[in-house]
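Working notes, beginning with the structure itself.
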Amino acid sequence: MEKLLYSVNEAVAATGIGRTTLYSHIGAGNLPVVKIGDRTCISAEALKEFASKSWPTPTTYKKL
């Protein structure tokens with residue numbers, strides 16, 4: 001069975017982009033997340049949709 005949610009570290013490994021860039025896209029609203037307690041998770045569906053598009057690198061970093 002395919003995973004439903006990925007941790008930030010797993011999403012970084014799956015996409016090949018850096019942690020700071022990933023958080024920048026989350027902060028810019030390009031990649032929706034699910035918060036479970038203190039943990040930030042990204043759905044497999046959101047990662048697939050994100051990976052299917054071309055994105056400029058966000059210029060600001062917003063911590064969740």
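Residues in the structure tokens are numbered from 1 in each chain, the chains being A, B, ... in the order shown, and ligands are numbered from 1 in the order shown.
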
Once DSSP has gone over the backbone, tell me which residues of chain A are in strand (DSSP E or B), as an NGL selection string. :A and (5-7 or 34-36 or 39-43)

Could you name the residues that touch Ala14 in chain A at 12 Å or less, counting only C-alpha atoms, but leaving out those on the same chain fewer than 5 positions away, as a PyMOL selection string? chain A and resi 6-9+19+22+42+44+47-48+50-51

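For Thr40 in chain A, the set of protein, DNA and RNA residues having any atom at most 12 Å away, when counting only C-alpha atoms and skipping those fewer than 3 positions along the same chain, is Leu5, Tyr6, Ser7, Val8, Asn9, Glu10, Ala11, Leu22, Tyr23, Ile26, Leu31, Pro32, Val33, Val34, Lys35, Ile36, Gly37, Ser43, Lys63 and Leu64 of chain A.
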
Could the residues in this selection be saved with N, CA and C atoms as a PDB file, in the first residue's frame?
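Output file result.pdb is given in full below:
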ATOM      1  N   LEU A   5       0.755   9.862   3.923  1.00  0.00           N
ATOM      2  CA  LEU A   5       1.399  11.082   4.397  1.00  0.00           C
ATOM      3  C   LEU A   5       2.909  10.892   4.463  1.00  0.00           C
ATOM      4  N   TYR A   6       3.624  11.962   4.146  1.00  0.00           N
ATOM      5  CA  TYR A   6       5.080  11.970   4.212  1.00  0.00           C
ATOM      6  C   TYR A   6       5.531  13.030   5.205  1.00  0.00           C
ATOM      7  N   SER A   7       6.580  12.726   5.948  1.00  0.00           N
ATOM      8  CA  SER A   7       7.191  13.732   6.805  1.00  0.00           C
ATOM      9  C   SER A   7       7.947  14.710   5.914  1.00  0.00           C
ATOM     10  N   VAL A   8       8.385  15.818   6.481  1.00  0.00           N
ATOM     11  CA  VAL A   8       9.164  16.785   5.707  1.00  0.00           C
ATOM     12  C   VAL A   8      10.437  16.124   5.192  1.00  0.00           C
ATOM     13  N   ASN A   9      11.122  15.367   6.025  1.00  0.00           N
ATOM     14  CA  ASN A   9      12.351  14.701   5.588  1.00  0.00           C
ATOM     15  C   ASN A   9      12.082  13.724   4.444  1.00  0.00           C
ATOM     16  N   GLU A  10      10.988  12.986   4.524  1.00  0.00           N
ATOM     17  CA  GLU A  10      10.631  12.059   3.453  1.00  0.00           C
ATOM     18  C   GLU A  10      10.273  12.806   2.173  1.00  0.00           C
ATOM     19  N   ALA A  11       9.580  13.937   2.313  1.00  0.00           N
ATOM     20  CA  ALA A  11       9.210  14.739   1.146  1.00  0.00           C
ATOM     21  C   ALA A  11      10.451  15.333   0.480  1.00  0.00           C
ATOM     22  N   LEU A  22      11.631  23.515   0.324  1.00  0.00           N
ATOM     23  CA  LEU A  22      10.344  22.877   0.587  1.00  0.00           C
ATOM     24  C   LEU A  22       9.507  23.737   1.530  1.00  0.00           C
ATOM     25  N   TYR A  23      10.117  24.200   2.625  1.00  0.00           N
ATOM     26  CA  TYR A  23       9.391  25.064   3.560  1.00  0.00           C
ATOM     27  C   TYR A  23       8.986  26.387   2.909  1.00  0.00           C
ATOM     28  N   ILE A  26       5.881  25.642   1.022  1.00  0.00           N
ATOM     29  CA  ILE A  26       4.780  25.482   1.977  1.00  0.00           C
ATOM     30  C   ILE A  26       4.297  26.860   2.429  1.00  0.00           C
ATOM     31  N   LEU A  31       2.355  24.250  -1.573  1.00  0.00           N
ATOM     32  CA  LEU A  31       2.324  22.863  -1.125  1.00  0.00           C
ATOM     33  C   LEU A  31       1.562  22.790   0.195  1.00  0.00           C
ATOM     34  N   PRO A  32       0.335  22.271   0.167  1.00  0.00           N
ATOM     35  CA  PRO A  32      -0.455  22.199   1.401  1.00  0.00           C
ATOM     36  C   PRO A  32       0.091  21.124   2.339  1.00  0.00           C
ATOM     37  N   VAL A  33      -0.050  21.369   3.618  1.00  0.00           N
ATOM     38  CA  VAL A  33       0.415  20.423   4.637  1.00  0.00           C
ATOM     39  C   VAL A  33      -0.715  20.056   5.570  1.00  0.00           C
ATOM     40  N   VAL A  34      -0.495  18.988   6.306  1.00  0.00           N
ATOM     41  CA  VAL A  34      -1.396  18.525   7.352  1.00  0.00           C
ATOM     42  C   VAL A  34      -0.593  18.566   8.639  1.00  0.00           C
ATOM     43  N   LYS A  35      -1.100  19.264   9.642  1.00  0.00           N
ATOM     44  CA  LYS A  35      -0.432  19.312  10.947  1.00  0.00           C
ATOM     45  C   LYS A  35      -1.077  18.264  11.852  1.00  0.00           C
ATOM     46  N   ILE A  36      -0.247  17.399  12.410  1.00  0.00           N
ATOM     47  CA  ILE A  36      -0.702  16.407  13.383  1.00  0.00           C
ATOM     48  C   ILE A  36       0.138  16.640  14.629  1.00  0.00           C
ATOM     49  N   GLY A  37      -0.442  17.315  15.591  1.00  0.00           N
ATOM     50  CA  GLY A  37       0.326  17.746  16.756  1.00  0.00           C
ATOM     51  C   GLY A  37       1.384  18.732  16.298  1.00  0.00           C
ATOM     52  N   SER A  43       0.632  15.208   2.118  1.00  0.00           N
ATOM     53  CA  SER A  43      -0.041  14.055   1.521  1.00  0.00           C
ATOM     54  C   SER A  43       0.653  13.640   0.229  1.00  0.00           C
ATOM     55  N   LYS A  63       8.429  30.283   8.508  1.00  0.00           N
ATOM     56  CA  LYS A  63       8.408  29.119   9.366  1.00  0.00           C
ATOM     57  C   LYS A  63       6.977  28.841   9.799  1.00  0.00           C
ATOM     58  N   LEU A  64       6.605  27.571   9.826  1.00  0.00           N
ATOM     59  CA  LEU A  64       5.250  27.189  10.237  1.00  0.00           C
ATOM     60  C   LEU A  64       5.062  27.376  11.711  1.00  0.00           C
TER      61      LEU A  64
END

Run DSSP on the backbone and grab whatever in chain A lands in alpha helix (DSSP H); send it over as a list in words. Val8, Asn9, Glu10, Ala11, Val12, Ala13, Ala14, Thr15, Arg19, Thr20, Thr21, Leu22, Tyr23, Ser24, His25, Ile26, Gly27, Ala44, Glu45, Ala46, Leu47, Lys48, Glu49, Phe50 and Ala51 of chain A

Interatomic distance, CA of Ile17 in chain A to CA of Met1 in chain A (Å, one decimal): 24.7 Å

Nearest to Asn30 in chain A among A:Ala46, A:Gly18, A:Leu4, A:Val12, with distances taken over only C-alpha atoms: which residue is it? A:Ala46
